[in-house]
Amino acid sequence: MKLTKEQIGKIEEYLVKDRIFYDDIRMEMTDHIAATLEEKLKEGGDFELALKEYMNSHLKVKLLTAVREQEVLRDKQNRNTIFRQLLSKRGMVFFVGVCVLIQLSTFEVWAFRFFEAVMMISVLIYMVSEPWMPSKYIFVKRLFNVSMFYYMLPVLFVLKINKLLGEAQWVYCINGVLLSLIFTLAYLALRMNNEIKTNRYA
Amino acid sequence: MKNSQLYKGSLNTIIMKLLEENGRMYGYEITQKVKLITAGELNITEGALYPALHKLEADGFLDVEVEKVDNRLRKYYKLTENGQKETVNRLAELEEFIRNMQNLVNPAPKPDLQF
């Protein structure tokens with residue numbers, strides 16, 4: 001028995017709830033479960049019941065263990081790709097460009113505040129909307145957590161030092177470099193994401 | 001996977017060998033094929049198979065093709081040129097391992113030591 005589009009949708013719904021981050025991994029797991037259920041339902045039976053049984057069985061636990069392992073692998077792979085792109089000509093040009101722009105803006109306090117405000121407002125919007133965010137937007141949550149840990153904490157740390165040292169010029173410089181790094185990494189991550197989508201899933 | 005400790009080291013080679021024979025395969029198909037060949041003796045679980053496939057893909061031994069099949073997207077794996085070379089090496093290594101194990105577990109009687 002071949003599953004219908006609606007039945008495939010049901011499997012996907014379950015997997016979205018399990019917070020599988022990468023689309024292609026979720027897609028592959030959907031196919032795996034669908035194939036397993038098709039095999040099971042060959043001699044008849046109720047789809048809903050079979051799906052519930054699968055989702056409550058040890059098979060699902062094994063599947064999710066595999067997913068987490070794949071996500072760790074993929075995260076590592078993506079981090080390496082972004083790092084390589086950062087060190088490439090394009091990455092360096094983008095980084096230097098943003099850096100110069102931010103450093104120039106430090107001559108006008110309002111302009112520098114603008115860059116900081118963009119970042120702070122995005123964080124604020126995220127914090128307010130997070131509880132109501134549908135589970136299909138888990139990528140936003142993940143991006144936020146990762147950027148918070150790797151990039152935003154250093155920025156907040158520098159801001160704190162800035163206050164302690166009485167707004168020294170060199171602190172502004174470091175702050176600018178860190179902000180440029182965040183913008184460049186966000187740009188590279190977006191580019192990589194688009195590339196993966198066009199190359200593999202066009 | 002049955003007797004996982006014994007089979008674990010050979011999982012990648014098993015996958016590569018199957019892909020060499022069948023051209024391209026998807027995850028579920030690999031598990032079923034192994035079950036069929038070994039008459040149900042060896043059962044590759046999802047927990048072992050997918051991370052192994054992704055690792056082989058990341059190492060550049062496998063290539064991926066995505067196709068729409070029966071209302072869903074299906075990810076097919078096939079060997080890259082590097083993967084094909086690596087399969088030959090790994091199979092030779094596995095055969096040597098099996099031969100050595102065979103000699104250790106069930107040594108052939110040496111005629112000059114017989115009474």
# chains A, B, ... in the order shown; residues from 1 in each chain; ligands from 1
call {"tool": "interface_residues", "arguments": {"of": "chain B", "to": "chain A", "cutoff": "8 Å", "atoms": "only C-alpha atoms", "output": "list of chain:residue names"}}
result
B:Gly27, B:Tyr28, B:Thr45, B:Glu46, B:Gly47, B:Ala48, B:Leu49, B:Tyr50, B:Pro51, B:His54, B:Lys55, B:Ala58, B:Val64, B:Glu65, B:Val66, B:Asp70, B:Asn71, B:Arg72, B:Leu73, B:Arg74, B:Lys75
call {"tool": "select_by_dssp", "arguments": {"residues": "chain B", "states": "strand (DSSP E)", "output": "PDB file with C-alpha atoms, in the first residue's frame"}}
result
ATOM      1  CA  ARG B  24      22.386   3.658  -6.258  1.00  0.00           C
ATOM      2  CA  MET B  25      20.299   2.834  -3.206  1.00  0.00           C
ATOM      3  CA  TYR B  26      18.317   4.585  -0.456  1.00  0.00           C
ATOM      4  CA  LEU B  62      29.296   8.928  -1.639  1.00  0.00           C
ATOM      5  CA  ASP B  63      27.246  11.248  -3.788  1.00  0.00           C
ATOM      6  CA  VAL B  64      23.591  12.069  -3.235  1.00  0.00           C
ATOM      7  CA  GLU B  65      20.605  12.320  -5.586  1.00  0.00           C
ATOM      8  CA  VAL B  66      17.165  13.427  -4.430  1.00  0.00           C
ATOM      9  CA  GLU B  67      14.065  12.286  -6.302  1.00  0.00           C
ATOM     10  CA  LYS B  68      10.336  12.507  -5.723  1.00  0.00           C
ATOM     11  CA  VAL B  69       8.936   9.000  -5.233  1.00  0.00           C
ATOM     12  CA  ARG B  72       7.776  12.083  -0.831  1.00  0.00           C
ATOM     13  CA  LEU B  73      11.386  12.986  -1.468  1.00  0.00           C
ATOM     14  CA  ARG B  74      13.866  10.133  -1.484  1.00  0.00           C
ATOM     15  CA  LYS B  75      17.616  10.440  -1.004  1.00  0.00           C
ATOM     16  CA  TYR B  76      19.663   8.024  -3.107  1.00  0.00           C
ATOM     17  CA  TYR B  77      23.327   7.310  -2.441  1.00  0.00           C
ATOM     18  CA  LYS B  78      25.893   6.268  -5.022  1.00  0.00           C
ATOM     19  CA  LEU B  79      29.660   5.842  -5.023  1.00  0.00           C
TER      20      LEU B  79
END
call {"tool": "residues_around", "arguments": {"residues": "Val177 (chain A)", "least_positions_apart": "2", "cutoff": "12 Å", "atoms": "only C-alpha atoms", "output": "MDAnalysis selection string"}}
result
chainID A and resid 95:104 106 151 154:155 158 170:175 179:184
call {"tool": "atom_distance", "arguments": {"atom1": "CA of Ser10 (chain B)", "atom2": "CA of Asn103 (chain B)"}}
result
18.9 Å
call {"tool": "atom_distance", "arguments": {"atom1": "CA of Gly9 (chain B)", "atom2": "CA of Phe21 (chain A)"}}
result
28.8 Å
call {"tool": "residues_around", "arguments": {"residues": "Leu11 (chain B)", "least_positions_apart": "2", "cutoff": "12 Å", "atoms": "only C-alpha atoms", "output": "PyMOL selection string"}}
result
chain B and resi 1-2+4-9+13-18+30-31+34+42-45+48-53+55-56+90-91+94
call {"tool": "write_last_selection", "arguments": {"atoms": "N, CA and C atoms", "output": "mmCIF file, in the first residue's frame"}}
result
data_model
loop_
_atom_site.group_PDB
_atom_site.id
_atom_site.type_symbol
_atom_site.label_atom_id
_atom_site.label_comp_id
_atom_site.auth_asym_id
_atom_site.auth_seq_id
_atom_site.Cartn_x
_atom_site.Cartn_y
_atom_site.Cartn_z
ATOM 1 N N MET B 1 21.979 -3.876 15.230
ATOM 2 C CA MET B 1 22.793 -4.784 14.427
ATOM 3 C C MET B 1 23.202 -6.000 15.259
ATOM 4 N N LYS B 2 23.058 -7.184 14.698
ATOM 5 C CA LYS B 2 23.380 -8.407 15.449
ATOM 6 C C LYS B 2 24.888 -8.459 15.742
ATOM 7 N N SER B 4 26.882 -6.567 17.345
ATOM 8 C CA SER B 4 27.346 -5.297 16.804
ATOM 9 C C SER B 4 28.861 -5.103 16.857
ATOM 10 N N GLN B 5 29.484 -5.573 17.943
ATOM 11 C CA GLN B 5 30.923 -5.332 18.065
ATOM 12 C C GLN B 5 31.703 -5.980 16.921
ATOM 13 N N LEU B 6 31.245 -7.168 16.489
ATOM 14 C CA LEU B 6 31.955 -7.876 15.423
ATOM 15 C C LEU B 6 31.687 -7.244 14.050
ATOM 16 N N TYR B 7 30.443 -6.794 13.851
ATOM 17 C CA TYR B 7 30.062 -6.278 12.532
ATOM 18 C C TYR B 7 30.377 -4.790 12.344
ATOM 19 N N LYS B 8 30.471 -4.077 13.465
ATOM 20 C CA LYS B 8 30.587 -2.618 13.433
ATOM 21 C C LYS B 8 31.684 -2.123 12.493
ATOM 22 N N GLY B 9 32.862 -2.731 12.617
ATOM 23 C CA GLY B 9 34.004 -2.276 11.830
ATOM 24 C C GLY B 9 33.822 -2.496 10.335
ATOM 25 N N THR B 13 32.143 -0.884 4.791
ATOM 26 C CA THR B 13 32.515 -1.728 3.644
ATOM 27 C C THR B 13 31.278 -2.431 3.083
ATOM 28 N N ILE B 14 30.400 -2.886 3.975
ATOM 29 C CA ILE B 14 29.167 -3.551 3.523
ATOM 30 C C ILE B 14 28.348 -2.576 2.669
ATOM 31 N N ILE B 15 28.195 -1.346 3.178
ATOM 32 C CA ILE B 15 27.418 -0.326 2.445
ATOM 33 C C ILE B 15 28.049 -0.070 1.074
ATOM 34 N N MET B 16 29.358 0.125 1.068
ATOM 35 C CA MET B 16 30.052 0.446 -0.189
ATOM 36 C C MET B 16 29.953 -0.704 -1.191
ATOM 37 N N LYS B 17 30.058 -1.920 -0.688
ATOM 38 C CA LYS B 17 29.958 -3.097 -1.561
ATOM 39 C C LYS B 17 28.566 -3.170 -2.203
ATOM 40 N N LEU B 18 27.531 -2.921 -1.381
ATOM 41 C CA LEU B 18 26.158 -2.965 -1.911
ATOM 42 C C LEU B 18 25.955 -1.890 -2.970
ATOM 43 N N ILE B 30 18.792 -0.358 1.657
ATOM 44 C CA ILE B 30 20.037 -0.998 2.121
ATOM 45 C C ILE B 30 19.741 -1.960 3.278
ATOM 46 N N THR B 31 18.909 -1.484 4.241
ATOM 47 C CA THR B 31 18.606 -2.355 5.399
ATOM 48 C C THR B 31 17.906 -3.635 4.933
ATOM 49 N N VAL B 34 20.352 -6.078 3.020
ATOM 50 C CA VAL B 34 21.234 -6.819 3.929
ATOM 51 C C VAL B 34 20.461 -7.960 4.603
ATOM 52 N N LEU B 42 21.410 -10.719 9.749
ATOM 53 C CA LEU B 42 22.019 -9.414 10.045
ATOM 54 C C LEU B 42 20.999 -8.312 9.807
ATOM 55 N N ASN B 43 20.783 -7.514 10.847
ATOM 56 C CA ASN B 43 19.801 -6.443 10.748
ATOM 57 C C ASN B 43 20.491 -5.105 11.027
ATOM 58 N N ILE B 44 20.700 -4.313 9.980
ATOM 59 C CA ILE B 44 21.347 -3.015 10.192
ATOM 60 C C ILE B 44 20.297 -2.031 10.683
ATOM 61 N N THR B 45 20.524 -1.453 11.852
ATOM 62 C CA THR B 45 19.523 -0.523 12.394
ATOM 63 C C THR B 45 19.740 0.873 11.823
ATOM 64 N N ALA B 48 22.614 2.903 13.193
ATOM 65 C CA ALA B 48 23.976 2.673 12.702
ATOM 66 C C ALA B 48 24.103 3.098 11.240
ATOM 67 N N LEU B 49 23.045 2.847 10.463
ATOM 68 C CA LEU B 49 23.136 3.070 9.019
ATOM 69 C C LEU B 49 23.276 4.544 8.619
ATOM 70 N N TYR B 50 22.339 5.394 9.082
ATOM 71 C CA TYR B 50 22.328 6.775 8.580
ATOM 72 C C TYR B 50 23.570 7.582 8.963
ATOM 73 N N PRO B 51 24.032 7.488 10.231
ATOM 74 C CA PRO B 51 25.285 8.212 10.528
ATOM 75 C C PRO B 51 26.443 7.719 9.649
ATOM 76 N N ALA B 52 26.467 6.397 9.366
ATOM 77 C CA ALA B 52 27.550 5.853 8.522
ATOM 78 C C ALA B 52 27.447 6.415 7.105
ATOM 79 N N LEU B 53 26.220 6.492 6.576
ATOM 80 C CA LEU B 53 26.026 7.044 5.228
ATOM 81 C C LEU B 53 26.474 8.505 5.169
ATOM 82 N N LYS B 55 28.575 10.004 7.113
ATOM 83 C CA LYS B 55 30.026 10.106 7.301
ATOM 84 C C LYS B 55 30.725 9.820 5.963
ATOM 85 N N LEU B 56 30.252 8.783 5.269
ATOM 86 C CA LEU B 56 30.842 8.435 3.969
ATOM 87 C C LEU B 56 30.625 9.567 2.961
ATOM 88 N N ARG B 90 39.012 -1.421 0.530
ATOM 89 C CA ARG B 90 38.384 -1.912 1.766
ATOM 90 C C ARG B 90 37.952 -3.371 1.653
ATOM 91 N N LEU B 91 37.508 -3.764 0.448
ATOM 92 C CA LEU B 91 37.105 -5.158 0.266
ATOM 93 C C LEU B 91 38.310 -6.087 0.383
ATOM 94 N N LEU B 94 39.090 -6.356 3.970
ATOM 95 C CA LEU B 94 38.117 -7.206 4.670
ATOM 96 C C LEU B 94 38.373 -8.686 4.372
#
call {"tool": "select_by_dssp", "arguments": {"residues": "region 2-31 of chain B", "states": "helix (DSSP H, G or I)", "output": "PyMOL selection string"}}
result
chain B and resi 4-8+11-22+27-31
call {"tool": "atom_distance", "arguments": {"atom1": "CA of Gly176 (chain A)", "atom2": "CA of Ser129 (chain A)"}}
result
27.8 Å
